[in-house]
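For reference, final34.cif (mmCIF, C-alpha atoms):
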```cif
data_model
#
loop_
_atom_site.label_atom_id
_atom_site.label_comp_id
_atom_site.auth_asym_id
_atom_site.auth_seq_id
_atom_site.Cartn_x
_atom_site.Cartn_y
_atom_site.Cartn_z
CA MET Q 1 119.33 112.82 135.01
CA ASP Q 2 119.29 116.12 136.93
CA ASN Q 3 117.41 119.15 135.66
CA SER Q 4 117.34 122.85 136.63
CA ARG Q 5 116.80 126.22 134.97
CA GLY Q 6 120.49 127.11 135.35
CA ASN Q 7 121.94 130.61 135.54
CA SER Q 8 119.52 131.95 132.94
CA ALA Q 9 116.68 131.95 135.48
CA ALA Q 10 115.48 135.27 136.76
CA ALA Q 11 116.99 136.54 140.00
CA GLY Q 12 115.17 135.25 143.05
CA GLN Q 13 113.60 132.33 141.22
CA ILE Q 14 113.64 129.06 143.11
CA LEU Q 15 115.45 126.34 141.17
CA THR Q 16 114.31 122.74 141.59
CA PRO Q 17 116.85 120.02 140.80
CA THR Q 18 114.98 116.96 139.53
CA ARG Q 19 116.26 113.46 138.95
CA PHE Q 20 114.64 111.11 136.45
CA VAL Q 21 115.31 107.43 137.03
CA TRP Q 22 114.44 104.40 134.89
CA PRO Q 23 114.80 101.50 137.38
CA TYR Q 24 113.72 98.65 135.09
CA GLY Q 25 116.92 97.90 133.19
CA GLY Q 26 117.97 98.32 129.58
CA ARG Q 27 121.10 98.87 127.53
CA ARG Q 28 120.38 102.43 126.38
CA VAL Q 29 117.94 104.80 128.06
CA TYR Q 30 116.95 108.26 126.78
CA LEU Q 31 114.57 110.84 128.21
CA SER Q 32 112.15 113.05 126.31
CA GLY Q 33 109.77 115.52 127.94
CA SER Q 34 107.82 118.76 127.65
CA PHE Q 35 107.66 121.55 130.21
CA THR Q 36 105.08 124.16 131.18
CA SER Q 37 105.67 127.46 132.95
CA TYR Q 38 108.53 127.28 135.42
CA PHE Q 39 108.45 123.50 135.44
CA ILE Q 40 105.17 123.36 137.40
CA PHE Q 41 103.90 120.54 135.22
CA MET Q 42 105.76 118.13 133.03
CA GLN Q 43 105.04 115.09 130.93
CA TYR Q 44 107.84 112.81 129.94
CA LYS Q 45 108.71 109.40 128.67
CA PHE Q 46 111.74 107.11 128.45
CA TYR Q 47 113.16 105.62 125.25
CA VAL Q 48 114.56 102.23 126.27
CA ASP Q 49 116.41 100.06 123.77
CA GLY Q 50 114.41 101.39 120.84
CA GLU Q 51 110.99 101.41 122.55
CA TRP Q 52 109.00 104.21 124.22
CA ARG Q 53 108.18 103.33 127.84
CA HIS Q 54 106.46 105.05 130.75
CA ASP Q 55 106.89 104.34 134.45
CA GLU Q 56 103.76 102.47 135.50
CA HIS Q 57 104.50 103.18 139.17
CA GLN Q 58 104.28 106.98 138.69
CA PRO Q 59 101.25 109.19 137.85
CA PHE Q 60 100.46 109.19 134.14
CA VAL Q 61 97.99 110.55 131.62
CA THR Q 62 96.58 109.06 128.44
CA GLY Q 63 96.26 111.30 125.40
CA ASN Q 64 94.73 111.00 121.96
CA GLY Q 65 95.48 107.73 120.23
CA GLY Q 66 96.17 105.98 123.54
CA VAL Q 67 99.62 107.56 124.03
CA VAL Q 68 100.59 107.24 127.70
CA ASN Q 69 103.04 109.71 129.32
CA THR Q 70 104.32 109.88 132.88
CA ILE Q 71 103.65 113.20 134.61
CA LEU Q 72 105.54 115.22 137.20
CA ILE Q 73 103.90 118.08 139.09
CA THR Q 74 105.99 120.40 141.29
CA GLY Q 75 103.15 122.82 142.00
CA PRO Q 76 99.67 121.85 143.25
CA ASP Q 77 99.26 118.10 143.45
CA MET Q 78 96.80 117.79 140.62
CA VAL Q 79 96.56 117.37 136.86
CA PRO Q 80 95.63 120.69 135.15
CA THR Q 81 92.00 120.89 134.07
CA GLY Q 82 91.53 120.38 130.34
CA PHE Q 83 95.05 119.06 129.86
CA ASN Q 84 95.58 117.57 126.41
CA SER Q 85 98.61 115.34 126.14
CA SER Q 86 98.28 115.15 122.35
CA ASN Q 87 100.87 117.95 122.16
CA MET Q 88 103.47 115.33 122.93
CA ASP Q 89 102.64 112.13 121.17
CA VAL Q 90 106.17 110.88 121.54
CA ASP Q 91 105.25 107.51 120.07
CA ASP Q 92 104.73 109.28 116.75
CA PHE Q 93 107.92 111.33 116.88
CA SER Q 94 110.69 108.92 117.78
CA HIS Q 95 113.02 110.82 115.48
CA ARG Q 96 113.02 113.63 118.06
CA ALA Q 97 114.89 111.49 120.58
CA ALA Q 98 118.63 111.80 120.93
CA ASP Q 99 118.88 110.01 117.59
CA PRO Q 100 118.89 106.50 119.11
CA SER Q 101 118.44 105.04 115.63
CA GLN Q 102 122.06 105.92 114.93
CA GLU Q 103 123.28 103.82 117.84
CA PRO Q 104 124.83 100.43 117.02
CA ILE Q 105 122.06 97.83 116.84
CA PRO Q 106 122.64 94.91 119.20
CA ARG Q 107 122.56 91.60 117.37
CA VAL Q 108 120.69 88.71 118.90
CA SER Q 109 122.83 85.85 120.09
CA GLY Q 110 122.22 82.32 118.93
CA VAL Q 111 121.71 81.22 122.52
CA ASP Q 112 119.02 83.85 123.21
CA LEU Q 113 117.25 82.93 119.99
CA GLU Q 114 117.21 79.20 120.71
CA VAL Q 115 116.11 79.73 124.33
CA SER Q 116 113.22 81.95 123.22
CA ARG Q 117 112.11 79.57 120.49
CA HIS Q 118 112.28 76.57 122.81
CA ARG Q 119 110.13 78.23 125.47
CA ILE Q 120 107.53 79.32 122.93
CA SER Q 121 107.49 75.84 121.40
CA VAL Q 122 106.96 74.26 124.83
CA LEU Q 123 104.11 76.66 125.58
CA LEU Q 124 102.31 76.02 122.29
CA SER Q 125 102.80 72.27 122.55
CA THR Q 126 101.08 72.20 125.94
CA ARG Q 127 98.13 74.46 125.06
CA THR Q 128 95.15 73.41 122.96
CA ALA Q 129 92.83 75.03 120.45
CA TYR Q 130 90.09 74.81 123.07
CA GLU Q 131 91.78 77.71 124.88
CA LEU Q 132 91.21 79.95 121.85
CA LEU Q 133 87.44 79.70 122.15
CA PRO Q 134 85.90 82.98 123.40
CA GLU Q 135 83.49 83.00 126.33
CA SER Q 136 80.78 84.19 123.97
CA GLY Q 137 80.52 84.91 120.28
CA LYS Q 138 79.22 83.64 116.98
CA VAL Q 139 80.64 81.65 114.11
CA ILE Q 140 78.96 81.98 110.72
CA ALA Q 141 78.83 79.07 108.28
CA LEU Q 142 77.39 79.15 104.76
CA ASP Q 143 75.47 76.41 102.95
CA VAL Q 144 77.04 75.42 99.63
CA THR Q 145 73.66 75.81 97.91
CA LEU Q 146 73.68 79.59 98.53
CA PRO Q 147 74.30 81.79 95.48
CA VAL Q 148 77.83 83.18 95.46
CA LYS Q 149 76.51 86.73 95.25
CA GLN Q 150 74.44 86.29 98.40
CA ALA Q 151 77.34 84.65 100.21
CA PHE Q 152 79.64 87.61 99.68
CA HIS Q 153 76.89 90.00 100.65
CA ILE Q 154 76.68 88.13 103.97
CA LEU Q 155 80.46 88.36 104.48
CA HIS Q 156 80.31 92.08 103.83
CA GLU Q 157 77.31 92.74 106.07
CA GLN Q 158 78.74 90.68 108.93
CA GLY Q 159 82.19 92.26 108.63
CA ILE Q 160 83.98 88.90 108.46
CA PRO Q 161 86.71 87.89 106.00
CA LEU Q 162 85.74 84.24 105.50
CA ALA Q 163 83.26 81.55 106.47
CA PRO Q 164 83.26 77.71 106.58
CA LEU Q 165 81.04 75.90 104.09
CA TRP Q 166 78.41 73.32 105.08
CA ASP Q 167 77.20 70.61 102.72
CA PHE Q 168 73.82 69.37 103.98
CA GLY Q 169 73.84 66.36 101.64
CA LYS Q 170 77.17 65.12 102.97
CA GLY Q 171 76.46 66.24 106.53
CA GLN Q 172 79.88 67.84 106.92
CA PHE Q 173 81.92 70.97 106.47
CA VAL Q 174 83.62 70.87 103.09
CA GLY Q 175 85.59 74.08 102.69
CA VAL Q 176 85.95 77.80 103.34
CA LEU Q 177 84.78 80.79 101.29
CA GLY Q 178 86.99 83.86 101.51
CA PRO Q 179 88.12 87.05 99.72
CA LEU Q 180 90.36 85.16 97.29
CA ASP Q 181 87.28 83.41 95.91
CA PHE Q 182 85.60 86.74 95.19
CA ILE Q 183 88.79 88.08 93.59
CA LEU Q 184 88.99 85.08 91.26
CA ILE Q 185 85.29 85.41 90.43
CA LEU Q 186 85.64 89.09 89.52
CA ARG Q 187 88.69 88.37 87.40
CA GLU Q 188 86.80 85.55 85.71
CA LEU Q 189 83.89 87.91 84.97
CA GLY Q 190 86.30 90.32 83.33
CA THR Q 191 87.89 87.61 81.17
CA HIS Q 192 86.77 87.36 77.56
CA GLY Q 193 85.23 83.99 76.85
CA SER Q 194 84.35 83.39 80.49
CA ASN Q 195 81.72 80.75 81.16
CA LEU Q 196 80.39 82.84 84.07
CA THR Q 197 78.23 85.90 83.31
CA GLU Q 198 76.96 88.60 85.67
CA GLU Q 199 73.45 87.23 85.34
CA GLU Q 200 74.58 83.71 86.17
CA LEU Q 201 76.38 85.01 89.23
CA GLU Q 202 73.00 85.83 90.75
CA THR Q 203 72.13 82.12 90.86
CA HIS Q 204 75.58 80.51 90.65
CA THR Q 205 75.94 78.46 93.84
CA ILE Q 206 78.98 78.18 96.05
CA ALA Q 207 79.21 74.48 95.20
CA ALA Q 208 79.28 75.22 91.47
CA TRP Q 209 81.92 77.89 91.98
CA LYS Q 210 84.17 75.59 93.99
CA GLU Q 211 84.07 73.04 91.18
CA GLY Q 212 85.01 75.70 88.64
CA LYS Q 213 87.71 77.16 90.87
CA ALA Q 214 89.76 73.97 90.65
CA GLN Q 215 90.02 74.48 86.89
CA ILE Q 216 90.78 78.19 87.18
CA SER Q 217 93.48 77.67 89.80
CA ARG Q 218 94.91 74.65 87.94
CA GLN Q 219 95.50 72.73 91.13
CA TYR Q 220 97.01 69.36 90.33
CA ASP Q 221 98.33 66.43 92.25
CA GLY Q 222 101.60 64.67 91.47
CA ILE Q 223 100.28 62.83 88.38
CA GLY Q 224 98.48 65.75 86.80
CA ARG Q 225 94.89 65.19 87.91
CA GLN Q 226 92.82 68.12 89.05
CA TYR Q 227 91.55 67.87 92.57
CA PRO Q 228 89.37 69.93 94.92
CA ARG Q 229 91.37 71.24 97.84
CA PRO Q 230 90.35 69.38 101.03
CA LEU Q 231 89.16 71.31 104.06
CA VAL Q 232 91.93 72.21 106.48
CA GLN Q 233 90.55 71.84 110.00
CA VAL Q 234 91.62 71.17 113.58
CA GLY Q 235 90.03 69.69 116.68
CA PRO Q 236 89.57 71.47 120.01
CA TYR Q 237 92.25 69.33 121.66
CA ASP Q 238 94.91 69.78 118.99
CA ASN Q 239 97.89 71.65 120.44
CA LEU Q 240 98.48 75.23 119.35
CA LYS Q 241 101.80 74.46 117.70
CA ASP Q 242 100.11 72.02 115.34
CA VAL Q 243 97.35 74.55 114.67
CA ALA Q 244 99.91 77.24 113.77
CA LEU Q 245 101.80 74.83 111.52
CA LYS Q 246 98.60 73.88 109.67
CA ILE Q 247 97.81 77.54 109.03
CA LEU Q 248 101.34 78.26 107.79
CA GLN Q 249 101.77 75.15 105.67
CA ASN Q 250 98.41 75.56 103.94
CA LYS Q 251 98.75 79.35 103.58
CA VAL Q 252 95.31 80.08 104.99
CA ALA Q 253 94.14 82.91 107.23
CA ALA Q 254 92.28 80.68 109.69
CA VAL Q 255 91.20 77.08 110.24
CA PRO Q 256 87.81 75.89 111.57
CA VAL Q 257 87.86 74.23 114.97
CA ILE Q 258 85.43 71.33 114.53
CA HIS Q 259 84.37 68.74 117.10
CA SER Q 260 82.32 65.57 116.87
CA SER Q 261 81.53 63.34 119.83
CA LEU Q 262 81.09 60.35 117.49
CA GLN Q 263 83.98 58.24 116.27
CA ASP Q 264 82.92 58.43 112.63
CA GLY Q 265 82.97 62.24 112.76
CA SER Q 266 79.28 62.61 112.01
CA TYR Q 267 77.23 65.53 113.35
CA PRO Q 268 80.24 67.86 113.53
CA GLN Q 269 80.02 71.06 115.56
CA LEU Q 270 81.73 74.25 114.41
CA LEU Q 271 83.25 75.83 117.52
CA HIS Q 272 85.57 78.57 116.33
CA LEU Q 273 87.86 79.87 113.60
CA ALA Q 274 91.44 79.59 114.88
CA SER Q 275 93.87 82.22 113.61
CA LEU Q 276 97.49 83.14 114.19
CA SER Q 277 96.44 86.34 115.98
CA GLY Q 278 94.55 84.28 118.56
CA ILE Q 279 97.59 82.07 119.13
CA LEU Q 280 99.83 85.13 119.36
CA LYS Q 281 97.50 86.62 121.97
CA CYS Q 282 97.95 83.44 124.00
CA ILE Q 283 101.74 83.88 123.85
CA CYS Q 284 101.45 87.52 124.94
CA ARG Q 285 99.15 86.64 127.82
CA TYR Q 286 101.43 83.88 129.09
CA PHE Q 287 104.68 85.85 128.94
CA ARG Q 288 103.25 89.27 129.83
CA HIS Q 289 104.77 89.30 133.32
CA SER Q 290 107.87 87.31 132.45
CA SER Q 291 109.01 88.81 129.17
CA SER Q 292 112.63 88.58 130.36
CA SER Q 293 112.38 84.81 129.86
CA LEU Q 294 112.11 85.54 126.11
CA PRO Q 295 115.22 87.67 125.44
CA ILE Q 296 114.38 87.83 121.75
CA LEU Q 297 111.41 90.12 122.52
CA GLN Q 298 113.78 92.97 123.43
CA GLN Q 299 115.44 92.96 120.02
CA PRO Q 300 114.57 95.70 117.50
CA ILE Q 301 112.93 94.19 114.44
CA CYS Q 302 115.62 95.58 112.15
CA SER Q 303 118.19 93.32 113.83
CA ILE Q 304 116.41 90.02 113.13
CA PRO Q 305 115.45 88.22 109.89
CA LEU Q 306 111.77 89.11 109.99
CA GLY Q 307 109.36 90.37 107.35
CA THR Q 308 109.84 91.76 103.85
CA TRP Q 309 111.95 94.90 103.53
CA VAL Q 310 112.63 97.41 100.79
CA PRO Q 311 116.19 96.55 99.70
CA ARG Q 312 118.79 99.22 100.20
CA ILE Q 313 121.34 100.18 97.56
CA GLY Q 314 123.67 97.26 96.96
CA GLU Q 315 121.39 94.77 98.71
CA SER Q 316 119.59 91.93 97.00
CA ASN Q 317 116.11 90.86 98.01
CA SER Q 318 114.69 87.58 96.76
CA LYS Q 319 111.16 88.70 97.65
CA PRO Q 320 110.59 92.33 96.61
CA LEU Q 321 108.06 94.41 98.51
CA ALA Q 322 105.00 95.11 96.38
CA THR Q 323 103.40 98.57 96.58
CA LEU Q 324 100.58 100.35 94.76
CA ARG Q 325 99.87 103.92 93.73
CA PRO Q 326 96.35 105.21 94.53
CA ASN Q 327 95.64 105.72 90.80
CA ALA Q 328 96.51 102.11 89.94
CA SER Q 329 93.61 100.12 88.53
CA LEU Q 330 91.74 97.75 90.79
CA GLY Q 331 92.33 95.01 88.23
CA SER Q 332 96.12 95.38 88.49
CA ALA Q 333 95.88 95.42 92.29
CA LEU Q 334 93.90 92.16 92.36
CA SER Q 335 96.32 90.53 89.91
CA LEU Q 336 99.25 91.57 92.10
CA LEU Q 337 97.58 90.13 95.21
CA VAL Q 338 97.12 86.79 93.47
CA GLN Q 339 100.49 86.63 91.71
CA ALA Q 340 102.55 87.79 94.70
CA GLN Q 341 100.55 85.48 97.01
CA VAL Q 342 100.13 88.20 99.62
CA SER Q 343 97.09 89.30 101.59
CA SER Q 344 97.68 93.06 101.38
CA ILE Q 345 99.70 95.69 99.55
CA PRO Q 346 100.69 99.17 100.89
CA VAL Q 347 99.36 102.13 98.92
CA VAL Q 348 102.01 104.87 98.66
CA ASP Q 349 102.40 108.34 97.13
CA ASP Q 350 105.14 109.52 94.76
CA ASN Q 351 107.55 109.75 97.71
CA ASP Q 352 106.80 106.17 98.75
CA SER Q 353 105.07 107.46 101.89
CA LEU Q 354 102.22 105.32 103.23
CA ILE Q 355 98.72 106.51 102.32
CA ASP Q 356 96.61 103.41 102.88
CA ILE Q 357 96.68 99.66 102.41
CA TYR Q 358 94.63 97.47 100.10
CA SER Q 359 93.83 93.99 101.42
CA ARG Q 360 92.06 90.96 100.05
CA SER Q 361 89.21 91.46 102.50
CA ASP Q 362 88.52 94.94 101.03
CA ILE Q 363 87.13 93.26 97.93
CA THR Q 364 83.92 92.26 99.72
CA ALA Q 365 82.91 95.96 99.73
CA LEU Q 366 81.99 95.46 96.05
CA ALA Q 367 79.23 93.11 97.18
CA LYS Q 368 77.28 96.06 98.56
CA ASP Q 369 74.41 97.03 96.26
CA LYS Q 370 75.88 94.73 93.60
CA ALA Q 371 78.65 97.23 92.87
CA TYR Q 372 80.62 94.47 91.16
CA ALA Q 373 78.04 94.43 88.34
CA GLN Q 374 78.40 98.16 87.72
CA ILE Q 375 82.17 98.55 87.45
CA HIS Q 376 85.02 97.27 85.35
CA LEU Q 377 88.16 96.34 87.25
CA ASP Q 378 90.44 98.22 84.87
CA ASP Q 379 88.34 101.40 85.06
CA MET Q 380 88.16 101.68 88.87
CA THR Q 381 91.23 102.90 90.75
CA VAL Q 382 92.47 101.56 94.07
CA HIS Q 383 91.58 104.91 95.65
CA GLN Q 384 88.00 104.67 94.40
CA ALA Q 385 87.71 101.09 95.63
CA LEU Q 386 88.87 102.11 99.11
CA GLN Q 387 86.43 105.04 99.12
CA LEU Q 388 83.64 102.61 98.28
CA GLY Q 389 84.41 100.62 101.41
CA GLN Q 390 84.34 103.67 103.70
CA ASP Q 391 80.57 104.00 103.39
CA ALA Q 392 80.07 100.56 104.89
CA SER Q 393 80.24 99.41 108.48
CA PRO Q 394 83.77 99.24 109.97
CA PRO Q 395 85.65 96.69 107.86
CA TYR Q 396 87.53 93.70 109.13
CA GLY Q 397 90.95 94.87 110.31
CA MET Q 398 89.75 98.23 111.64
CA VAL Q 399 91.20 98.71 115.15
CA ASN Q 400 90.70 101.94 117.11
CA GLY Q 401 89.50 103.64 113.94
CA GLN Q 402 92.67 102.78 112.02
CA ARG Q 403 93.03 100.71 108.86
CA CYS Q 404 96.80 101.05 108.51
CA HIS Q 405 98.77 99.59 111.38
CA MET Q 406 102.37 100.75 111.47
CA CYS Q 407 105.60 100.27 113.35
CA LEU Q 408 109.17 101.59 113.22
CA ARG Q 409 112.32 99.65 112.40
CA SER Q 410 113.53 100.46 115.95
CA ASP Q 411 110.44 98.91 117.60
CA SER Q 412 111.11 95.78 119.61
CA LEU Q 413 109.77 92.39 118.57
CA GLY Q 414 107.72 92.39 121.78
CA LYS Q 415 105.97 95.61 120.82
CA VAL Q 416 105.26 94.32 117.31
CA ILE Q 417 103.82 91.08 118.67
CA GLU Q 418 101.48 92.94 121.03
CA ARG Q 419 100.06 94.96 118.13
CA LEU Q 420 99.66 91.93 115.89
CA ALA Q 421 97.79 90.09 118.66
CA ASN Q 422 94.82 92.45 118.19
CA PRO Q 423 91.95 90.78 116.31
CA GLY Q 424 91.84 91.87 112.69
CA VAL Q 425 95.46 93.06 112.57
CA ARG Q 426 97.28 90.74 110.19
CA ARG Q 427 100.30 92.87 109.32
CA LEU Q 428 102.26 95.98 110.30
CA VAL Q 429 103.75 98.32 107.73
CA ILE Q 430 107.26 99.41 108.73
CA VAL Q 431 107.58 103.15 108.10
CA GLU Q 432 110.24 105.79 108.53
CA ALA Q 433 109.48 108.09 111.46
CA GLY Q 434 108.12 111.44 110.32
CA SER Q 435 107.94 110.85 106.56
CA LYS Q 436 106.04 107.54 106.83
CA ARG Q 437 108.10 106.27 103.94
CA VAL Q 438 107.48 102.54 103.63
CA GLU Q 439 110.50 100.47 104.65
CA GLY Q 440 108.91 97.03 104.85
CA ILE Q 441 106.02 94.93 106.10
CA ILE Q 442 105.66 92.27 108.78
CA SER Q 443 102.80 89.78 108.73
CA LEU Q 444 101.53 87.31 111.29
CA SER Q 445 102.94 84.51 109.17
CA ASP Q 446 106.37 86.17 109.21
CA VAL Q 447 106.34 86.33 113.01
CA PHE Q 448 105.37 82.69 113.45
CA ARG Q 449 107.87 81.43 110.90
CA PHE Q 450 110.56 83.27 112.83
CA LEU Q 451 109.39 82.18 116.30
CA LEU Q 452 109.06 78.55 115.22
CA GLY Q 453 112.33 78.57 113.29
CA LEU Q 454 110.71 77.64 109.95
#
```

Same coordinates, now as structure tokens:
Amino acid sequence: MDNSRGNSAAAGQILTPTRFVWPYGGRRVYLSGSFTSYFIFMQYKFYVDGEWRHDEHQPFVTGNGGVVNTILITGPDMVPTGFNSSNMDVDDFSHRAADPSQEPIPRVSGVDLEVSRHRISVLLSTRTAYELLPESGKVIALDVTLPVKQAFHILHEQGIPLAPLWDFGKGQFVGVLGPLDFILILRELGTHGSNLTEEELETHTIAAWKEGKAQISRQYDGIGRQYPRPLVQVGPYDNLKDVALKILQNKVAAVPVIHSSLQDGSYPQLLHLASLSGILKCICRYFRHSSSSLPILQQPICSIPLGTWVPRIGESNSKPLATLRPNASLGSALSLLVQAQVSSIPVVDDNDSLIDIYSRSDITALAKDKAYAQIHLDDMTVHQALQLGQDASPPYGMVNGQRCHMCLRSDSLGKVIERLANPGVRRLVIVEAGSKRVEGIISLSDVFRFLLGL
């Protein structure tokens, strides 16, 4: 692209033709930029196949929110002092491009899809859970004799969503305590005729709760007997594909990585909590410099069967997208989380624009100062519950100061995967550029079901 001031420039002004080149391939390439006086300084960015890109081989600046723009200086060879690139956060204003969203969306070919899935499957089948272990860190386990109230206080204080359970009498890990347990407990407290009172919750142990949970959840085997759900775990040398499948098939957020050097499994060691985000990070790391070998990564998410979308007029959707208003009761929000079997629900205004998101893990904020004993679920609104959590330490899922993690329907699968690979990010809300109207949601589970062809 060539650029000059044209005939409108003042007489005697020197015109500088400038060519902008994107040498890294792509089907459709657009340019967006901002200019300062007489084109002395410019910041610009390319829009390539639905994704904002900058030229890493040219000078660039990083603005607020981590937005990176390439710069071009035709005057003194320096970046202006005090420059603030936040005036052009092009990542947040994709609707200002030459309307690329109106371009025909390329559909992924069956060959590209199968090639990508095969290569990912091969990678995960040859990597083990041992590679997910961090160089340093801590894993918290809870004894089943702890009172439930104290257990959730620990989860809240430590900023973790769940913890494995240790039974000293059996000498083994027997389960996991997570946000869903607290949700069921609070709903049980609010149920007339409940066998569990607020006073009993102070001394009610995790072990006692797990026994009662089987009755509340009505989990049965094939012949109608109630059973306690067995612990889902993996070993350090299990391959990552099997780890991902265990997480997906059992609908859990993470699985403990447990190792025992003895054949009978005694004296087990808890090494890590394996999650889909950790496995996704492994995929990103491996294919970072060879993304072309996974052609599916270049596809915009709106062109592939991924996630849950708001149905358009005339479309049917077997799984509707659940949303909440900020004035909805906390009780209705918790019921929706359980009934819809989802881990989070977008909170929207009257125009369906995204305000916040309420997740299962937000419920642990009620453990602070025994707030659960002072409120009734039907009297507290979702907005009030979220405000309660803001006084605490940064909650699980907070990345770069943000609770809501968003993407656009035009974003590539590769870009979505990179964002989901961040620890604590379990889903992206798909919003309309500008209005932030919710269009859908993509979870880690959605991505893995698609990549593994499930």

Item to complete: Pull out every residue that the PyMOL selection byres ((chain Q and resi 29) around 6) matches in the shown coordinates and put them as a PyMOL selection string.
Response: chain Q and resi 28+30+47-48

Worksheet entry | Selection result for the PyMOL selection byres ((chain Q and resi 410-415) around 9) on this file, as a ChimeraX atom specification | /Q:49-52,100-101,105,284,291,296-304,407-409,416-420,447

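Between atom CA of Glu157 of chain Q and atom CA of Gln341 of chain Q there is a distance of 26.0 Å.
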
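Across the model, the gap from atom CA of Lys251 of chain Q to atom CA of Thr128 of chain Q is 20.6 Å.
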
Discussion item. Please list as a list of chain:residue names every residue within 7 Å of segment 319-328 of chain Q, counting all atoms listed in the file and excluding residues in the same chain fewer than 2 positions away.
Written reply: Q:Thr308, Q:Trp309, Q:Val310, Q:Asn317, Q:Leu330, Q:Ser332, Q:Ile345, Q:Pro346, Q:Val347, Q:Val348, Q:Asp349, Q:Thr381, Q:Val382, Q:His383, Q:Gly440

List as a PDB file with C-alpha atoms, in the coordinates of the input the residues having at least one atom at most 12 Å from position (79.8, 70.2, 106.2) as given in the file, counting all atoms listed in the file.
```
ATOM      1  CA  ALA Q 141      78.830  79.070 108.280  1.00  0.00           C
ATOM      2  CA  LEU Q 142      77.390  79.150 104.760  1.00  0.00           C
ATOM      3  CA  ASP Q 143      75.470  76.410 102.950  1.00  0.00           C
ATOM      4  CA  VAL Q 144      77.040  75.420  99.630  1.00  0.00           C
ATOM      5  CA  THR Q 145      73.660  75.810  97.910  1.00  0.00           C
ATOM      6  CA  ALA Q 163      83.260  81.550 106.470  1.00  0.00           C
ATOM      7  CA  PRO Q 164      83.260  77.710 106.580  1.00  0.00           C
ATOM      8  CA  LEU Q 165      81.040  75.900 104.090  1.00  0.00           C
ATOM      9  CA  TRP Q 166      78.410  73.320 105.080  1.00  0.00           C
ATOM     10  CA  ASP Q 167      77.200  70.610 102.720  1.00  0.00           C
ATOM     11  CA  PHE Q 168      73.820  69.370 103.980  1.00  0.00           C
ATOM     12  CA  GLY Q 169      73.840  66.360 101.640  1.00  0.00           C
ATOM     13  CA  LYS Q 170      77.170  65.120 102.970  1.00  0.00           C
ATOM     14  CA  GLY Q 171      76.460  66.240 106.530  1.00  0.00           C
ATOM     15  CA  GLN Q 172      79.880  67.840 106.920  1.00  0.00           C
ATOM     16  CA  PHE Q 173      81.920  70.970 106.470  1.00  0.00           C
ATOM     17  CA  VAL Q 174      83.620  70.870 103.090  1.00  0.00           C
ATOM     18  CA  GLY Q 175      85.590  74.080 102.690  1.00  0.00           C
ATOM     19  CA  VAL Q 176      85.950  77.800 103.340  1.00  0.00           C
ATOM     20  CA  ALA Q 207      79.210  74.480  95.200  1.00  0.00           C
ATOM     21  CA  PRO Q 230      90.350  69.380 101.030  1.00  0.00           C
ATOM     22  CA  LEU Q 231      89.160  71.310 104.060  1.00  0.00           C
ATOM     23  CA  GLN Q 233      90.550  71.840 110.000  1.00  0.00           C
ATOM     24  CA  PRO Q 256      87.810  75.890 111.570  1.00  0.00           C
ATOM     25  CA  ILE Q 258      85.430  71.330 114.530  1.00  0.00           C
ATOM     26  CA  HIS Q 259      84.370  68.740 117.100  1.00  0.00           C
ATOM     27  CA  SER Q 260      82.320  65.570 116.870  1.00  0.00           C
ATOM     28  CA  GLY Q 265      82.970  62.240 112.760  1.00  0.00           C
ATOM     29  CA  SER Q 266      79.280  62.610 112.010  1.00  0.00           C
ATOM     30  CA  TYR Q 267      77.230  65.530 113.350  1.00  0.00           C
ATOM     31  CA  PRO Q 268      80.240  67.860 113.530  1.00  0.00           C
ATOM     32  CA  GLN Q 269      80.020  71.060 115.560  1.00  0.00           C
ATOM     33  CA  LEU Q 270      81.730  74.250 114.410  1.00  0.00           C
TER      34      LEU Q 270
END
```

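Taking atom CA of Leu245 of chain Q and atom CA of Leu280 of chain Q as endpoints, the distance between them is 13.1 Å.
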
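With all atoms listed in the file as the atoms that count, the minimum distance from Ser277 of chain Q to the choices Q:Leu184, Q:Met406, Q:Ala244, Q:Lys45 is reached by Q:Ala244.
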
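Taking all atoms listed in the file into account, the protein, DNA and RNA residues within 9 Å of (95.6, 75.1, 104.0) read Arg229, Pro230, Leu231, Val232, Gln233, Lys246, Ile247, Leu248, Gln249, Asn250, Lys251, Val252, Ala253, Ala254 and Val255 of chain Q.
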
Worksheet item: Within 8 Å of Val139 of chain Q, counting only C-alpha atoms, which residues qualify if same-chain residues fewer than 3 places away don't, as a PyMOL selection string?
Response: chain Q and resi 270-273

Item to complete: Determine the residue membership of the PyMOL selection byres ((chain Q and resi 279) around 12) for the file above and supply it as an MDAnalysis selection string.
Response: chainID Q and resid 120:121 123:125 127:133 239:245 247 254 273:278 280:286 417:418 420:423 444:445 447:448
